[in-house]
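Source file: query12.cif; contents: mmCIF, C-alpha atoms.
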```cif
data_structure
#
loop_
_atom_site.label_atom_id
_atom_site.label_comp_id
_atom_site.auth_asym_id
_atom_site.auth_seq_id
_atom_site.Cartn_x
_atom_site.Cartn_y
_atom_site.Cartn_z
CA MET A 28 -66.93 119.09 154.03
CA TRP A 29 -68.88 121.76 152.13
CA LYS A 30 -71.68 123.36 154.06
CA LYS A 31 -74.83 123.88 152.08
CA ASP A 32 -75.43 127.42 153.38
CA GLU A 33 -72.05 128.55 152.09
CA ALA A 34 -72.73 127.42 148.57
CA VAL A 35 -74.52 130.56 147.43
CA LYS A 36 -74.10 133.92 149.06
CA PRO A 37 -75.27 136.73 146.80
CA GLY A 38 -73.14 139.81 146.96
CA ILE A 39 -70.05 138.03 148.15
CA PRO A 40 -67.40 138.07 145.46
CA THR A 41 -66.13 134.69 144.42
CA ASP A 42 -62.57 133.79 143.64
CA GLY A 43 -63.23 132.77 140.08
CA PRO A 44 -65.64 133.66 137.34
CA ARG A 45 -69.19 132.48 137.73
CA VAL A 46 -71.83 131.81 135.17
CA ASP A 47 -75.48 131.48 135.96
CA ALA A 48 -77.68 129.17 134.01
CA PRO A 49 -80.40 130.73 131.88
CA ARG A 50 -83.67 131.32 133.72
CA ASN A 51 -85.62 129.22 131.29
CA SER A 52 -83.37 126.26 131.86
CA GLY A 53 -84.82 123.02 130.76
CA SER A 54 -83.96 119.68 132.17
CA ASP A 55 -81.26 119.26 129.55
CA MET A 56 -79.39 122.34 130.67
CA VAL A 57 -76.61 122.41 133.16
CA ASN A 58 -76.03 124.89 135.90
CA VAL A 59 -72.50 126.03 135.41
CA GLY A 60 -72.34 128.05 138.57
CA THR A 61 -68.72 127.22 139.16
CA GLY A 62 -67.70 129.89 136.70
CA THR A 63 -66.31 127.50 134.21
CA ILE A 64 -67.99 126.13 131.13
CA GLY A 65 -67.07 122.53 131.79
CA LYS A 66 -65.47 120.01 129.49
CA SER A 67 -68.69 118.29 128.62
CA VAL A 68 -70.67 121.43 127.91
CA VAL A 69 -71.49 122.26 124.29
CA ILE A 70 -72.96 125.66 123.53
CA LYS A 71 -74.32 126.47 120.09
CA GLY A 72 -75.34 130.06 119.66
CA GLU A 73 -74.47 133.29 121.38
CA LEU A 74 -72.79 133.48 124.76
CA SER A 75 -72.42 136.76 126.61
CA ALA A 76 -71.63 137.68 130.19
CA SER A 77 -70.58 140.62 132.31
CA GLU A 78 -68.08 138.74 134.41
CA ASP A 79 -64.91 136.80 133.81
CA LEU A 80 -65.40 133.42 132.26
CA ALA A 81 -63.36 130.31 131.65
CA ILE A 82 -64.36 127.90 128.91
CA GLU A 83 -63.24 124.29 129.01
CA GLY A 84 -66.02 123.03 126.79
CA GLN A 85 -67.13 123.72 123.26
CA VAL A 86 -68.74 126.86 121.95
CA ASP A 87 -69.97 127.28 118.40
CA GLY A 88 -71.30 130.70 117.49
CA LYS A 89 -70.37 133.91 119.23
CA VAL A 90 -68.81 134.84 122.58
CA GLU A 91 -69.06 138.34 124.01
CA LEU A 92 -67.63 139.58 127.29
CA PRO A 93 -67.19 143.28 126.55
CA GLN A 94 -65.96 144.24 130.02
CA ASN A 95 -64.33 141.02 131.16
CA ILE A 96 -61.63 138.46 130.72
CA LEU A 97 -62.28 135.32 128.76
CA THR A 98 -60.03 132.33 129.32
CA ILE A 99 -60.22 129.48 126.87
CA GLY A 100 -58.82 126.57 128.82
CA ALA A 101 -56.66 123.75 127.57
CA ASN A 102 -59.74 121.68 126.80
CA GLY A 103 -61.72 124.55 125.36
CA ARG A 104 -62.67 124.42 121.73
CA ILE A 105 -64.23 127.53 120.25
CA LYS A 106 -65.66 127.87 116.78
CA ALA A 107 -66.89 131.38 117.13
CA SER A 108 -66.10 135.02 116.86
CA VAL A 109 -64.87 136.15 120.24
CA PHE A 110 -65.09 139.62 121.70
CA ALA A 111 -63.85 140.49 125.19
CA LYS A 112 -61.78 142.92 127.17
CA ALA A 113 -58.97 140.39 127.34
CA VAL A 114 -58.70 136.90 125.95
CA ILE A 115 -56.35 134.16 127.11
CA VAL A 116 -56.12 131.16 124.79
CA GLN A 117 -54.83 127.85 126.08
CA GLY A 118 -57.10 125.73 123.94
CA GLU A 119 -58.31 125.89 120.38
CA VAL A 120 -60.07 128.74 118.60
CA HIS A 121 -61.39 128.79 115.07
CA GLY A 122 -62.67 132.28 114.53
CA ASN A 123 -61.77 135.91 114.91
CA ILE A 124 -60.81 137.34 118.28
CA THR A 125 -61.24 140.99 119.19
CA ALA A 126 -60.07 142.33 122.53
CA THR A 127 -60.05 145.89 123.75
CA GLU A 128 -57.01 145.31 125.96
CA LYS A 129 -55.05 142.17 125.23
CA ILE A 130 -54.97 138.80 123.51
CA ASP A 131 -52.65 136.24 125.04
CA ILE A 132 -52.08 132.96 123.19
CA ARG A 133 -50.25 130.55 125.47
CA ASP A 134 -47.83 127.86 124.33
CA ALA A 135 -50.48 125.16 124.00
CA GLY A 136 -52.95 127.54 122.40
CA SER A 137 -54.07 127.36 118.82
CA VAL A 138 -55.85 130.04 116.84
CA ASP A 139 -57.04 129.97 113.26
CA GLY A 140 -58.51 133.38 112.71
CA ASP A 141 -57.82 137.07 112.80
CA LEU A 142 -56.77 138.93 115.94
CA ALA A 143 -57.54 142.55 116.70
CA SER A 144 -56.26 144.09 119.91
CA PRO A 145 -53.84 146.82 121.02
CA ARG A 146 -51.68 144.14 122.64
CA VAL A 147 -51.09 140.64 121.40
CA ALA A 148 -48.81 138.11 123.07
CA ILE A 149 -48.07 134.81 121.41
CA ALA A 150 -45.99 132.28 123.29
CA ASP A 151 -43.36 130.15 121.66
CA GLY A 152 -44.96 126.92 120.55
CA ALA A 153 -48.40 128.38 120.04
CA HIS A 154 -50.12 127.76 116.74
CA PHE A 155 -51.48 130.73 114.88
CA ARG A 156 -52.74 131.26 111.40
CA GLY A 157 -54.43 134.46 110.40
CA SER A 158 -53.84 138.15 110.64
CA ILE A 159 -52.95 140.35 113.56
CA ASP A 160 -54.15 143.91 113.78
CA MET A 161 -52.57 145.83 116.63
CA GLN A 162 -53.29 149.29 115.35
CA ARG A 163 -54.11 151.48 118.31
CA GLY A 164 -57.73 152.37 118.74
CA LYS A 165 -59.00 150.01 116.11
CA ALA A 166 -59.96 147.25 118.54
CA GLY A 167 -61.59 149.89 120.74
CA GLU A 168 -63.63 151.12 117.80
CA THR A 169 -64.71 147.59 117.12
CA ALA A 170 -65.53 147.25 120.79
CA GLY A 171 -67.73 150.30 120.64
CA LEU A 172 -69.59 148.92 117.68
CA ALA A 173 -70.08 145.61 119.41
CA LEU A 174 -71.35 147.31 122.54
CA GLU A 175 -73.80 149.37 120.55
CA ALA A 176 -75.03 146.25 118.89
CA THR A 177 -75.68 144.67 122.28
CA LYS A 178 -78.59 145.87 124.36
CA PRO A 179 -77.18 147.56 127.51
CA ALA A 180 -79.45 145.63 129.83
CA GLU A 181 -78.34 142.38 128.33
CA ALA A 182 -74.71 143.36 128.31
CA LEU A 183 -74.73 143.95 132.05
CA LYS A 184 -76.86 140.99 132.92
CA PRO A 185 -74.83 138.66 135.15
CA ALA A 186 -76.11 135.64 133.35
CA VAL A 187 -75.51 133.80 130.16
CA PRO A 188 -78.28 134.53 127.69
CA MET A 189 -77.91 132.12 124.88
CA THR A 190 -79.68 131.95 121.61
CA GLY A 191 -79.30 129.19 119.16
CA ALA A 192 -80.94 126.84 116.80
CA ALA A 193 -81.76 124.25 119.43
CA PRO A 194 -85.36 124.87 120.46
CA ALA A 195 -85.02 123.56 123.98
CA GLY A 196 -81.99 125.70 124.70
CA VAL A 197 -78.48 125.88 123.58
CA ALA A 198 -76.43 124.82 126.55
CA THR A 199 -76.45 121.09 126.73
CA ALA A 200 -74.55 118.69 128.83
CA ALA A 201 -73.21 115.96 126.65
CA PRO A 202 -70.99 113.60 128.57
CA GLY A 203 -68.37 112.22 126.30
CA THR A 204 -68.47 115.13 123.89
CA ALA A 205 -65.55 116.89 125.47
CA PRO A 206 -63.07 117.72 122.73
CA ALA A 207 -60.04 115.54 122.70
CA ARG A 208 -56.79 117.46 122.76
CA MET B 30 -57.73 109.60 149.91
CA LEU B 31 -55.60 111.76 147.74
CA LYS B 32 -52.86 110.04 145.87
CA TRP B 33 -50.00 112.29 145.13
CA GLY B 34 -48.99 112.10 141.52
CA SER B 35 -52.07 110.23 140.35
CA ARG B 36 -53.05 113.01 137.89
CA ARG B 37 -49.55 113.22 136.61
CA ALA B 38 -49.72 109.59 135.59
CA GLU B 39 -52.72 110.35 133.34
CA THR B 40 -50.97 113.20 131.62
CA PRO B 41 -48.82 112.36 128.61
CA PRO B 42 -45.23 113.42 129.04
CA VAL B 43 -44.48 116.83 127.65
CA ALA B 44 -41.40 117.13 125.53
CA PRO B 45 -39.00 119.85 126.59
CA PRO B 46 -38.44 122.72 124.20
CA ALA B 47 -36.39 121.56 121.23
CA THR B 48 -33.99 124.42 121.45
CA PRO B 49 -33.69 126.64 124.47
CA GLY B 50 -33.24 130.31 123.77
CA SER B 51 -29.63 130.26 124.84
CA THR B 52 -28.64 128.18 121.81
CA ASP B 53 -30.00 130.68 119.30
CA ALA B 54 -27.44 131.91 116.84
CA ILE B 55 -27.38 135.64 116.30
CA VAL B 56 -26.59 136.80 112.81
CA THR B 57 -26.14 140.23 111.39
CA THR B 58 -28.44 141.22 108.60
CA LYS B 59 -27.64 143.89 106.07
CA VAL B 60 -30.90 143.99 104.18
CA PHE B 61 -33.57 143.57 106.82
CA SER B 62 -33.29 147.16 108.02
CA ARG B 63 -33.82 148.29 104.43
CA PHE B 64 -36.91 146.19 104.28
CA LEU B 65 -38.23 147.83 107.44
CA ALA B 66 -37.47 151.26 106.05
CA ALA B 67 -39.22 150.46 102.78
CA VAL B 68 -42.34 149.13 104.48
CA GLY B 69 -42.28 151.85 107.11
CA HIS B 70 -42.89 154.47 104.46
CA GLN B 71 -46.45 153.22 104.06
CA PRO B 72 -49.07 154.40 106.54
CA ALA B 73 -50.50 151.40 108.43
CA PRO B 74 -48.77 148.87 106.18
CA VAL B 75 -49.89 145.29 105.72
CA LEU B 76 -47.22 142.66 106.26
CA LEU B 77 -47.23 139.00 105.25
CA ASP B 78 -44.96 136.66 107.19
CA LEU B 79 -44.48 133.27 105.57
CA GLY B 80 -42.73 131.79 108.58
CA PRO B 81 -44.10 130.43 111.84
CA VAL B 82 -45.56 132.99 114.18
CA VAL B 83 -43.09 134.50 116.62
CA GLY B 84 -44.59 136.49 119.47
CA SER B 85 -41.70 138.89 119.82
CA ASN B 86 -41.71 139.56 116.08
CA VAL B 87 -45.38 140.43 116.27
CA SER B 88 -44.60 142.98 118.97
CA PHE B 89 -41.61 144.28 117.07
CA PHE B 90 -43.48 144.83 113.83
CA SER B 91 -46.41 146.36 115.61
CA GLU B 92 -44.29 148.85 117.51
CA ARG B 93 -41.90 149.57 114.68
CA LEU B 94 -44.38 149.72 111.81
CA GLY B 95 -47.85 149.89 113.35
CA CYS B 96 -48.82 147.33 110.79
CA LYS B 97 -51.38 144.66 110.22
CA LEU B 98 -49.63 141.32 110.07
CA HIS B 99 -50.74 138.22 108.20
CA VAL B 100 -49.09 134.99 109.28
CA GLU B 101 -49.08 132.10 106.82
CA ASP B 102 -46.69 129.43 108.00
CA LEU B 103 -45.68 127.82 104.72
CA TYR B 104 -42.86 125.92 106.42
CA SER B 105 -45.42 123.72 108.14
CA ASP B 106 -47.09 123.09 104.78
CA ILE B 107 -43.75 122.12 103.29
CA GLU B 108 -43.04 119.79 106.18
CA ASP B 109 -46.47 118.19 105.88
CA HIS B 110 -45.86 117.49 102.21
CA ALA B 111 -42.33 116.26 102.87
CA ARG B 112 -43.51 113.77 105.46
CA ARG B 113 -46.02 112.40 102.98
CA GLY B 114 -43.38 112.28 100.28
CA GLU B 115 -45.33 114.78 98.21
CA ARG B 116 -42.93 117.64 97.70
CA ALA B 117 -43.71 117.62 94.00
CA ALA B 118 -47.32 118.48 94.80
CA LEU B 119 -46.33 121.76 96.43
CA ALA B 120 -46.52 123.66 93.14
CA GLN B 121 -50.18 122.78 92.77
CA PHE B 122 -50.75 123.39 96.46
CA PHE B 123 -49.29 126.89 96.39
CA ALA B 124 -51.50 127.85 93.49
CA THR B 125 -54.43 128.04 95.90
CA ARG B 126 -52.83 128.18 99.34
CA LEU B 127 -52.54 131.92 99.80
CA THR B 128 -55.79 133.82 99.68
CA GLU B 129 -54.49 137.36 100.00
CA SER B 130 -55.70 139.58 97.17
CA PRO B 131 -53.40 140.95 94.51
CA ASP B 132 -52.01 144.41 95.29
CA SER B 133 -52.92 144.06 98.96
CA ILE B 134 -49.60 143.60 100.77
CA ASP B 135 -46.89 146.15 101.53
CA GLY B 136 -44.21 143.82 102.81
CA ILE B 137 -43.52 140.10 102.51
CA LEU B 138 -41.09 138.13 104.65
CA CYS B 139 -39.99 134.99 102.82
CA TRP B 140 -37.00 134.22 105.04
CA ASP B 141 -35.19 131.18 103.56
CA LEU B 142 -38.35 129.48 102.31
CA PHE B 143 -37.17 129.02 98.73
CA ASP B 144 -34.24 126.88 99.85
CA PHE B 145 -36.78 124.16 100.65
CA LEU B 146 -38.79 124.38 97.45
CA GLU B 147 -38.28 122.57 94.21
CA ARG B 148 -38.13 124.87 91.26
CA PRO B 149 -41.74 124.46 90.02
CA ALA B 150 -43.15 125.18 93.46
CA GLY B 151 -40.81 128.13 93.84
CA LEU B 152 -41.94 129.58 90.53
CA VAL B 153 -45.62 129.33 91.45
CA LEU B 154 -45.10 130.83 94.88
CA ALA B 155 -42.88 133.66 93.65
CA ALA B 156 -45.44 134.65 91.02
CA LYS B 157 -48.20 134.70 93.65
CA LEU B 158 -46.13 136.81 96.02
CA ALA B 159 -45.07 139.26 93.34
CA ALA B 160 -48.71 139.78 92.40
CA MET B 161 -49.72 140.38 96.02
CA LEU B 162 -47.31 143.23 96.54
CA ARG B 163 -48.66 146.73 96.24
CA LYS B 164 -46.80 149.32 94.25
CA GLY B 165 -43.80 150.36 96.33
CA GLY B 166 -44.04 147.19 98.40
CA ALA B 167 -41.00 145.18 99.49
CA LEU B 168 -40.14 141.50 99.73
CA TYR B 169 -37.33 140.16 101.88
CA GLY B 170 -35.78 136.77 101.28
CA SER B 171 -32.55 134.92 101.86
CA PHE B 172 -31.19 132.30 99.51
CA GLY B 173 -28.51 129.75 100.29
CA THR B 174 -25.70 129.60 97.77
CA THR B 175 -24.13 126.29 98.72
CA ALA B 176 -25.60 122.90 97.95
CA LEU B 177 -26.14 120.86 101.07
CA GLU B 178 -28.75 118.76 102.78
CA LEU B 179 -31.11 120.79 104.91
CA THR B 180 -32.04 118.98 108.10
CA HIS B 181 -33.69 121.79 109.99
CA TYR B 182 -35.85 124.81 109.55
CA THR B 183 -34.70 128.13 110.87
CA LYS B 184 -37.06 130.45 112.66
CA ALA B 185 -35.88 134.05 112.50
CA ILE B 186 -36.50 136.12 115.59
CA VAL B 187 -35.92 139.80 115.16
CA ALA B 188 -33.40 140.92 117.77
CA ALA B 189 -32.86 144.36 116.30
CA GLU B 190 -33.09 146.06 112.95
CA ASP B 191 -29.69 144.72 112.02
CA SER B 192 -29.64 141.33 113.74
CA LEU B 193 -31.72 138.18 113.81
CA ARG B 194 -31.73 135.34 116.28
CA LEU B 195 -31.98 132.03 114.47
CA ARG B 196 -33.72 129.13 116.17
CA THR B 197 -33.77 125.74 114.53
CA SER B 198 -36.30 122.96 114.48
CA PRO B 199 -36.01 119.55 112.84
CA ALA B 200 -36.99 119.12 109.21
CA THR B 201 -37.45 116.17 106.92
CA PRO B 202 -34.08 116.22 105.16
CA VAL B 203 -34.03 117.71 101.69
CA ALA B 204 -31.36 118.91 99.33
CA ARG B 205 -31.27 122.69 99.30
CA THR B 206 -32.43 124.25 96.08
CA VAL B 207 -29.60 126.53 95.08
CA LEU B 208 -30.73 129.30 92.79
CA LEU B 209 -28.48 131.50 90.75
CA THR B 210 -29.05 135.20 91.19
CA ARG B 211 -30.40 135.55 87.68
CA ASP B 212 -32.85 132.71 88.32
CA ILE B 213 -34.07 134.42 91.47
CA ILE B 214 -34.59 137.66 89.58
CA LYS B 215 -36.48 135.84 86.83
CA MET B 216 -38.60 134.04 89.35
CA PHE B 217 -39.87 137.28 90.87
CA ASP B 218 -40.92 138.71 87.56
CA GLY B 219 -42.38 142.17 87.96
CA LEU B 220 -40.20 143.04 90.94
CA ILE B 221 -36.82 144.72 90.94
CA VAL B 222 -33.85 143.91 93.14
CA ALA B 223 -33.33 146.88 95.42
CA GLU B 224 -30.54 145.31 97.43
CA SER B 225 -28.64 142.06 97.36
CA VAL B 226 -25.90 141.16 99.82
CA LEU B 227 -23.88 137.97 100.07
CA LEU B 228 -23.25 137.30 103.74
CA LYS B 229 -20.25 135.46 105.17
CA SER B 230 -22.59 132.56 105.84
CA SER B 231 -22.90 132.12 102.05
CA THR B 232 -26.46 133.29 102.23
CA ARG B 233 -27.67 135.91 99.82
CA GLU B 234 -30.07 138.39 101.34
CA THR B 235 -32.23 140.07 98.78
CA LEU B 236 -34.70 142.91 98.94
CA PHE B 237 -37.18 143.14 96.09
CA ARG B 238 -39.36 146.14 95.44
CA ARG B 239 -42.40 146.51 93.29
CA PRO B 240 -41.87 149.56 91.08
#
```

Do you think you could lay out the structure here as structure tokens?
Amino acid sequence: MWKKDEAVKPGIPTDGPRVDAPRNSGSDMVNVGTGTIGKSVVIKGELSASEDLAIEGQVDGKVELPQNILTIGANGRIKASVFAKAVIVQGEVHGNITATEKIDIRDAGSVDGDLASPRVAIADGAHFRGSIDMQRGKAGETAGLALEATKPAEALKPAVPMTGAAPAGVATAAPGTAPAR
Amino acid sequence: MLKWGSRRAETPPVAPPATPGSTDAIVTTKVFSRFLAAVGHQPAPVLLDLGPVVGSNVSFFSERLGCKLHVEDLYSDIEDHARRGERAALAQFFATRLTESPDSIDGILCWDLFDFLERPAGLVLAAKLAAMLRKGGALYGSFGTTALELTHYTKAIVAAEDSLRLRTSPATPVARTVLLTRDIIKMFDGLIVAESVLLKSSTRETLFRRP
């Protein structure tokens, strides 16, 4: 049904976001090459990428996609500060979200934290508690600061460098740890 | 083989929206535009909304005022307490619930929150809100003047500067706390009444200012 030689073709754009596993992947790490951080994936530490990303799992720490769109899926549970070009929330976020373009909280989305973006859309039925800062330019300024704080080479790296407390790595597959919604 | 509908069976049924937009009542407001004008005088004002978040209101306030908006849905806290039969504990709860600093807010939207609060809780909350307002800040609230049982909360959606769309959602029934005007003024000690209008709906809209 799926031919092996079609699985990976460098240079050919894929339909969805793709995330490469860290190079120093241990046996406990999971290749999330589908572009989605799956339901059973728990990441503790810092997650950054230079391509669009969808999170269905759990992330504790920090998420940075300065030039890309981050989608937190219905099963996604984030306890982190989030920084991206645009953020779509369908799951649960505990932490501040900064976006240089837009934050979109869908009807099933839940955010406990502060939002900073020039455009914020909150659907009817969404849960939100925190503050909203839509002052023009402010999110961009924050973006600039965040970009300066990130090494350029790392920011453009099409991978997911992760740092965390876990010595063997921070991305772990933990079947059964998917957050219940 | 694929089984059509097999995933659907695993998914819990989703309740339809309680109240479709078409059933929203639209009411005219006399005082809300004054509130906007008062807050709009401040450069980059900070607003505190004590109701549930409304996406279109966020856009409205951002475009109209260019403000920073804090959303603290106290209605959900009231409902939580009501369901547990702990309305009396709200006074103690409000003493620590809001974490905004004194003199940090330019505008507060109370909506009809005080109709749902027993007097002790109302006193605690009003004192906290009055202290939060900056000099020149404004507080908008509406107060029912007729005693009746409240069976729903009302979410106010700003339609225009002079009109609000009211959308209801079920509430644990409670007798409305009817406050006399002088009691309301006493409650918000430190603020002055800038405008007070009794609407045809027997609701008193009040705009407080911090001198």

Contacts of segment 123-130 of chain A within 8 Å, all atoms listed in the file, excl. fewer than 2 positions in-chain, as a PyMOL selection string: chain A and resi 107-116+121+132+139-148+166-167+169-170

Applied to this file, what does the PyMOL selection byres ((chain A) within 6 of (chain B)) return in terms of residues, put as an mmCIF file with C-alpha atoms, in the coordinates of the input?
```
data_model
loop_
_atom_site.group_PDB
_atom_site.id
_atom_site.type_symbol
_atom_site.label_atom_id
_atom_site.label_comp_id
_atom_site.auth_asym_id
_atom_site.auth_seq_id
_atom_site.Cartn_x
_atom_site.Cartn_y
_atom_site.Cartn_z
ATOM 1 C CA ALA A 148 -48.810 138.110 123.070
ATOM 2 C CA ILE A 149 -48.070 134.810 121.410
ATOM 3 C CA ALA A 150 -45.990 132.280 123.290
ATOM 4 C CA ARG A 156 -52.740 131.260 111.400
ATOM 5 C CA GLY A 157 -54.430 134.460 110.400
ATOM 6 C CA SER A 158 -53.840 138.150 110.640
ATOM 7 C CA ILE A 159 -52.950 140.350 113.560
ATOM 8 C CA ASP A 160 -54.150 143.910 113.780
ATOM 9 C CA GLN A 162 -53.290 149.290 115.350
#
```

Distance query 12 Å from (-35.3, 126.9, 107.1) using all atoms listed in the file, result as number ranges by chain: B: 79-81, 102-105, 107-108, 139-146, 170-173, 178-185, 195-206, 232

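Nearest-residue note for Lys229 of chain B: choosing from B:Gly151, B:Ala189, B:Thr174, B:Phe122, the minimum distance belongs to B:Thr174, counting only C-alpha atoms.
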
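Straight-line separation from atom CA of Glu115 of chain B to atom CA of Glu119 of chain A: 28.0 Å.
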
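Between atom CA of Gln94 of chain A and atom CA of Ala153 of chain A lies a distance of 25.7 Å.
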
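Taking atom CA of Gly166 of chain B and atom CA of Phe237 of chain B as the two end points, the separation is 8.3 Å.
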
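Using only C-alpha atoms, the smallest distance between any of B:Thr235, B:Leu220, B:Glu190, B:Ala124 and Val153 of chain B comes from B:Ala124.
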
Would you pick out the contacts of Ala81 of chain A at 6 Å or less, using all atoms listed in the file, so that residues sharing its chain but fewer than 4 positions from it are not included, and give the list as a JSON list (two decimals) with C-alpha atoms, in the coordinates of the input?
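As a result, selection.json now contains:
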```
[["chain", "number", "residue", "atom", "x", "y", "z"],
["A", 63, "THR", "CA", -66.31, 127.50, 134.21],
["A", 97, "LEU", "CA", -62.28, 135.32, 128.76],
["A", 98, "THR", "CA", -60.03, 132.33, 129.32],
["A", 99, "ILE", "CA", -60.22, 129.48, 126.87]]
```

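Ranking B:Arg239, B:Asp135, B:Ser225, B:Ala188 by their shortest atom-to-atom distance to Pro72 of chain B, with all atoms listed in the file included, puts B:Asp135 first.
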
Set the distance at 9 Å and use only C-alpha atoms: which residues neighbour Ala117 of chain B once local chain neighbours fewer than 5 positions away are removed? I'd like the list as an MDAnalysis selection string. chainID B and resid 110 147 149:150

Next, write the just-selected residues to a file, as a compact mmCIF listing (two decimals), in the frame of the given file, keeping C-alpha atoms as the atom set.
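Printed below is selection.txt as written:
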```txt
# COMPACT_ATOMS: atom_id res chain seq x y z
CA HIS B 110 -45.86 117.49 102.21
CA GLU B 147 -38.28 122.57 94.21
CA PRO B 149 -41.74 124.46 90.02
CA ALA B 150 -43.15 125.18 93.46
```
